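Okay, structure first, notes after.
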Amino acid sequence: MPETNFDNSTSPDTVNELHAGFESLRAEIGKVIVGQDEIIRQIFLSMICRGHVLLVGVPGLAKTLLVHTIADAIDLDFSRIQFTPDLMPSDITGTEIIEEDATTGRRQFKFVKGPVFANVVLADEINRTPPKTQAALLEAMQEHRVTAAGHTYSLPEPFFVLATQNPIEQEGTYPLPEAQLDRFMFNLWLDYPTFQQEVDIVRQTTSDSRPEKLQVMTGEDIQRYQHLVRQIPVADNVIEYAVRLVTKTRPEGGLAPDFVKNYLGYGAGPRASQYLILGAKAMAALDGRLTPGIEDVNSIAVSVLRHRIVPNFTAEADGVSSVEIINRMLENTV
C-alpha cells in the first residue's frame, strides 16, 4: 500500500484517543450490562459510522437497558418509542396543533416535535407496528430530518436509531420493508447469556445496590470520531474485496457462485459495500490501527449482510440460513 500522509484528524494520537475512549465506555457499560461485549462494540461502531442498528432478540435480554446505558455514558438525549399496532406516523415525527396567541388572540399552527427529535432513539419492537408507521422513520434515518406540513426540521446531531425486533415468527409482528431494512447498518442478534453470566445478572439485579455510572464521552466526541472514521485511508485491495464480496451475493450476477444462485432470491445493494468499508475503518480505529485490512471487513460481514440477502424457498427447504450462506461466501472470497 502506498504511503499516506495523515492530517490532524487521522493522527495516531486521535486514533489512540478513540481506542482509549471506547475502552472507558465499555468499562462503564459493563457496570450495568453483563456480557454482550461484541454487541456493545458493534453498536458503538455503528454510532461512529453514522449508521443505525437493528437488534433482534426475544424479550427480557436487556436491549432497552443497554441502549439507555450507552446514551447515559455518552451524555446524549435519549428517547424511547414503543411501537404498537395503533401507533401513527405523527406519534413518531410530531404533529401540528392550533395555538392561540394570548396577546393578539390570533390562532396559528405550531409544530410539536415528536420523540424522534433526540440523539439516541430506541424504536422498541419496531415490527409490532404496520409498515406505514415503520416508514415514518425512513427520512429521519437517511436524511437526519423530518418533513411535516411542508416544513423541514433538522434532527439533533449526532443522531442514531437503534430498533429492537422480536423474532419474526412471534405473533403480532410485521416484516420490515426492504427499503427500511437497508437503512440499518448492522443487524445484530442478541443471544441468551451463558450460565455464569445469568448468575451474575440475577445477583446484580435482585440486590438493592446500584452501580454509579459516569459520563465518559460527549456528543461532540462522537461527531469528532465520525469525522475521523471518514478520514481513515483504505487500500484499494480492501475496497475491491468488499465490493467483490457484496457482488457475489447477487444471484443474477456473473461473480455469484453456484450455491448463491441456488439459495438466494436476491442479494445486497451498494449500501452494503459502503457499510463494509466504513465499519472496517471504525474497527481498525477502535483497535488503535490507522488503516483497515480484509480481516476487518470479514469481522462485520455477517452483521452488514444478514438482513440484505434473501434466501429463497430452496434454502428454507434445505435448512440453510443466511448466516451459513455468508460464512460460506467468506471462505470462497479472496
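Residues are named by chain letter and number: chains run A, B, ... in the order of the C-alpha cells, numbers start at 1 in each chain, and ligands are numbered from 1 in the order shown.
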
- Identify, on the basis of only C-alpha atoms, every residue whose closest approach to Arg244 of chain A does not exceed 12 Å; exclude the query and any residue fewer than 5 positions from it along the same chain; express the result as a ChimeraX atom specification. /A:237-239,249-250,253-257,268-270,272-273,276,294,297,329-330,332-334

- Message: I want to know what sits within 8 Å of Thr133 of chain A, based on only C-alpha atoms, with residues of the same chain fewer than 4 positions away left out; could you give that as an NGL selection string?
- Response: :A and (87-89 or 129 or 137)

- Task: Based on DSSP run over this structure's backbone, return all residues of segment 9-194 of chain A in strand (DSSP E), as a PyMOL selection string.
- Result: chain A and resi 53-56+78-82+94-100+107-113+120-124+145-148+151-154+160-165+186-189

- May I have the residues within 6 Å of segment 41-53 of chain A as a PyMOL selection string, using only C-alpha atoms and disregarding those fewer than 4 positions away in the same chain? chain A and resi 160-162+184-186+225-226+282

Write a file of the just-selected residues containing N, CA and C atoms, as an mmCIF file, in the first residue's frame.
data_model
loop_
_atom_site.group_PDB
_atom_site.id
_atom_site.type_symbol
_atom_site.label_atom_id
_atom_site.label_comp_id
_atom_site.auth_asym_id
_atom_site.auth_seq_id
_atom_site.Cartn_x
_atom_site.Cartn_y
_atom_site.Cartn_z
ATOM 1 N N PHE A 160 -28.954 8.761 16.054
ATOM 2 C CA PHE A 160 -28.741 7.320 15.962
ATOM 3 C C PHE A 160 -30.025 6.600 16.337
ATOM 4 N N VAL A 161 -30.465 5.684 15.475
ATOM 5 C CA VAL A 161 -31.655 4.876 15.743
ATOM 6 C C VAL A 161 -31.218 3.449 16.049
ATOM 7 N N LEU A 162 -31.661 2.948 17.184
ATOM 8 C CA LEU A 162 -31.475 1.540 17.491
ATOM 9 C C LEU A 162 -32.864 0.929 17.633
ATOM 10 N N PHE A 184 -30.518 0.196 7.916
ATOM 11 C CA PHE A 184 -29.770 -0.212 9.100
ATOM 12 C C PHE A 184 -28.391 -0.712 8.692
ATOM 13 N N MET A 185 -27.375 -0.160 9.314
ATOM 14 C CA MET A 185 -26.010 -0.603 9.018
ATOM 15 C C MET A 185 -25.801 -2.037 9.465
ATOM 16 N N PHE A 186 -26.191 -2.338 10.703
ATOM 17 C CA PHE A 186 -25.980 -3.665 11.267
ATOM 18 C C PHE A 186 -27.300 -4.317 11.646
ATOM 19 N N TYR A 225 -15.272 11.677 16.259
ATOM 20 C CA TYR A 225 -14.887 10.326 15.849
ATOM 21 C C TYR A 225 -15.552 9.943 14.522
ATOM 22 N N GLN A 226 -16.752 10.455 14.275
ATOM 23 C CA GLN A 226 -17.394 10.214 12.982
ATOM 24 C C GLN A 226 -16.568 10.816 11.852
ATOM 25 N N ALA A 282 -13.819 1.843 11.097
ATOM 26 C CA ALA A 282 -14.095 2.047 12.522
ATOM 27 C C ALA A 282 -13.500 0.927 13.361
#

- DSSP alpha helix (DSSP H) residues within segment 234-306 of chain A, listed as JSON, numbers by chain: {"A": [236, 237, 238, 239, 240, 241, 242, 243, 244, 245, 246, 247, 258, 259, 260, 261, 262, 263, 270, 271, 272, 273, 274, 275, 276, 277, 278, 279, 280, 281, 282, 283, 284, 285, 286, 294, 295, 296, 297, 298, 299, 300, 301, 302, 303, 304, 305]}

For the residues in the current selection, export N, CA and C atoms as a compact mmCIF listing (two decimals), in the first residue's frame.
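And here's out23.txt as it stands now:
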# COMPACT_ATOMS: atom_id res chain seq x y z
N ASP A 236 -6.72 -0.02 -1.85
CA ASP A 236 -7.62 -0.38 -2.94
C ASP A 236 -8.03 -1.85 -2.88
N ASN A 237 -7.09 -2.73 -2.49
CA ASN A 237 -7.42 -4.15 -2.49
C ASN A 237 -8.48 -4.48 -1.44
N VAL A 238 -8.55 -3.70 -0.35
CA VAL A 238 -9.58 -3.92 0.68
C VAL A 238 -10.94 -3.49 0.15
N ILE A 239 -10.98 -2.33 -0.53
CA ILE A 239 -12.24 -1.87 -1.13
C ILE A 239 -12.72 -2.86 -2.18
N GLU A 240 -11.81 -3.32 -3.01
CA GLU A 240 -12.19 -4.27 -4.06
C GLU A 240 -12.69 -5.59 -3.46
N TYR A 241 -12.09 -6.00 -2.36
CA TYR A 241 -12.53 -7.24 -1.68
C TYR A 241 -13.96 -7.08 -1.17
N ALA A 242 -14.26 -5.93 -0.54
CA ALA A 242 -15.60 -5.69 0.00
C ALA A 242 -16.63 -5.67 -1.13
N VAL A 243 -16.31 -4.98 -2.22
CA VAL A 243 -17.25 -4.91 -3.35
C VAL A 243 -17.43 -6.29 -3.98
N ARG A 244 -16.34 -7.05 -4.09
CA ARG A 244 -16.44 -8.40 -4.67
C ARG A 244 -17.32 -9.30 -3.80
N LEU A 245 -17.18 -9.17 -2.48
CA LEU A 245 -17.99 -9.97 -1.55
C LEU A 245 -19.47 -9.65 -1.73
N VAL A 246 -19.80 -8.36 -1.82
CA VAL A 246 -21.21 -7.96 -1.98
C VAL A 246 -21.73 -8.38 -3.35
N THR A 247 -20.92 -8.21 -4.38
CA THR A 247 -21.35 -8.58 -5.73
C THR A 247 -21.68 -10.07 -5.82
N ASP A 258 -22.19 -20.92 -7.43
CA ASP A 258 -23.38 -21.75 -7.67
C ASP A 258 -24.29 -21.83 -6.45
N PHE A 259 -23.71 -21.93 -5.25
CA PHE A 259 -24.56 -22.07 -4.06
C PHE A 259 -25.36 -20.79 -3.80
N VAL A 260 -24.84 -19.64 -4.20
CA VAL A 260 -25.60 -18.39 -4.07
C VAL A 260 -26.76 -18.39 -5.06
N LYS A 261 -26.50 -18.78 -6.29
CA LYS A 261 -27.58 -18.84 -7.28
C LYS A 261 -28.66 -19.83 -6.85
N ASN A 262 -28.25 -20.87 -6.14
CA ASN A 262 -29.19 -21.90 -5.73
C ASN A 262 -30.01 -21.49 -4.52
N TYR A 263 -29.41 -20.66 -3.61
CA TYR A 263 -30.05 -20.42 -2.33
C TYR A 263 -30.57 -19.00 -2.11
N PRO A 270 -25.42 -1.61 -3.22
CA PRO A 270 -24.17 -0.88 -2.98
C PRO A 270 -24.01 -0.36 -1.55
N ARG A 271 -25.14 -0.10 -0.86
CA ARG A 271 -25.01 0.39 0.51
C ARG A 271 -24.27 -0.61 1.40
N ALA A 272 -24.40 -1.89 1.09
CA ALA A 272 -23.68 -2.91 1.85
C ALA A 272 -22.17 -2.74 1.69
N SER A 273 -21.71 -2.46 0.47
CA SER A 273 -20.28 -2.23 0.25
C SER A 273 -19.79 -1.02 1.02
N GLN A 274 -20.60 0.04 1.02
CA GLN A 274 -20.22 1.24 1.75
C GLN A 274 -20.08 0.96 3.24
N TYR A 275 -21.07 0.24 3.79
CA TYR A 275 -21.04 -0.04 5.22
C TYR A 275 -19.91 -1.00 5.60
N LEU A 276 -19.58 -1.93 4.71
CA LEU A 276 -18.45 -2.82 4.99
C LEU A 276 -17.16 -2.03 5.14
N ILE A 277 -16.95 -1.05 4.28
CA ILE A 277 -15.71 -0.26 4.35
C ILE A 277 -15.75 0.70 5.54
N LEU A 278 -16.88 1.38 5.75
CA LEU A 278 -16.97 2.27 6.90
C LEU A 278 -16.77 1.50 8.20
N GLY A 279 -17.43 0.34 8.31
CA GLY A 279 -17.29 -0.47 9.51
C GLY A 279 -15.88 -0.98 9.70
N ALA A 280 -15.22 -1.35 8.61
CA ALA A 280 -13.84 -1.81 8.70
C ALA A 280 -12.92 -0.68 9.17
N LYS A 281 -13.16 0.53 8.66
CA LYS A 281 -12.39 1.68 9.14
C LYS A 281 -12.55 1.87 10.65
N ALA A 282 -13.82 1.84 11.10
CA ALA A 282 -14.10 2.05 12.52
C ALA A 282 -13.50 0.93 13.36
N MET A 283 -13.56 -0.31 12.86
CA MET A 283 -13.00 -1.44 13.59
C MET A 283 -11.50 -1.27 13.78
N ALA A 284 -10.82 -0.83 12.72
CA ALA A 284 -9.38 -0.60 12.82
C ALA A 284 -9.07 0.50 13.84
N ALA A 285 -9.83 1.60 13.79
CA ALA A 285 -9.59 2.72 14.71
C ALA A 285 -9.83 2.29 16.16
N LEU A 286 -10.85 1.49 16.40
CA LEU A 286 -11.12 1.04 17.77
C LEU A 286 -9.96 0.19 18.30
N ILE A 294 -8.45 -6.69 5.29
CA ILE A 294 -9.54 -7.58 4.87
C ILE A 294 -10.18 -8.26 6.08
N GLU A 295 -9.38 -8.56 7.11
CA GLU A 295 -9.94 -9.21 8.30
C GLU A 295 -10.97 -8.33 9.00
N ASP A 296 -10.84 -7.02 8.88
CA ASP A 296 -11.84 -6.11 9.46
C ASP A 296 -13.15 -6.20 8.69
N VAL A 297 -13.07 -6.30 7.37
CA VAL A 297 -14.28 -6.48 6.56
C VAL A 297 -14.96 -7.79 6.94
N ASN A 298 -14.19 -8.85 7.07
CA ASN A 298 -14.76 -10.16 7.41
C ASN A 298 -15.43 -10.15 8.77
N SER A 299 -14.88 -9.38 9.71
CA SER A 299 -15.39 -9.41 11.08
C SER A 299 -16.80 -8.81 11.21
N ILE A 300 -17.19 -7.96 10.26
CA ILE A 300 -18.52 -7.35 10.32
C ILE A 300 -19.43 -7.79 9.18
N ALA A 301 -18.95 -8.72 8.35
CA ALA A 301 -19.70 -9.10 7.15
C ALA A 301 -21.07 -9.67 7.48
N VAL A 302 -21.15 -10.52 8.50
CA VAL A 302 -22.45 -11.13 8.84
C VAL A 302 -23.42 -10.06 9.29
N SER A 303 -22.98 -9.12 10.13
CA SER A 303 -23.86 -8.07 10.65
C SER A 303 -24.35 -7.13 9.55
N VAL A 304 -23.52 -6.89 8.54
CA VAL A 304 -23.88 -5.98 7.45
C VAL A 304 -24.77 -6.67 6.41
N LEU A 305 -24.51 -7.95 6.14
CA LEU A 305 -25.18 -8.63 5.03
C LEU A 305 -26.41 -9.43 5.42

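Around Asp77 of chain A, within 8 Å and counting only C-alpha atoms, the residues found are Ala71, Ala118, Asn119 and Val120 of chain A, once anything fewer than 4 positions away on its own chain is removed.
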
Write out the residues from the selection above, keeping C-alpha atoms, as a PDB file, in the first residue's frame.
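Final output, saved to selection16.pdb:
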ATOM      1  CA  ALA A  71     -26.828   7.087  25.926  1.00  0.00           C
ATOM      2  CA  ALA A 118     -33.344  13.050  20.203  1.00  0.00           C
ATOM      3  CA  ASN A 119     -29.736  11.924  19.797  1.00  0.00           C
ATOM      4  CA  VAL A 120     -30.446   8.273  20.539  1.00  0.00           C
TER       5      VAL A 120
END

- Ala179 of chain A: which residues within 9 Å, counting only C-alpha atoms, same-chain residues fewer than 4 positions away excluded, as number ranges by chain? A: 135, 138, 183

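Picture a line from atom CA of Gln196 of chain A to atom CA of Thr64 of chain A; it runs 21.6 Å.
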
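Straight-line separation from atom CA of Leu264 of chain A to atom CA of Asp182 of chain A: 16.7 Å.
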
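Going from atom CA of Arg289 of chain A over to atom CA of Leu188 of chain A, you cover 24.2 Å.
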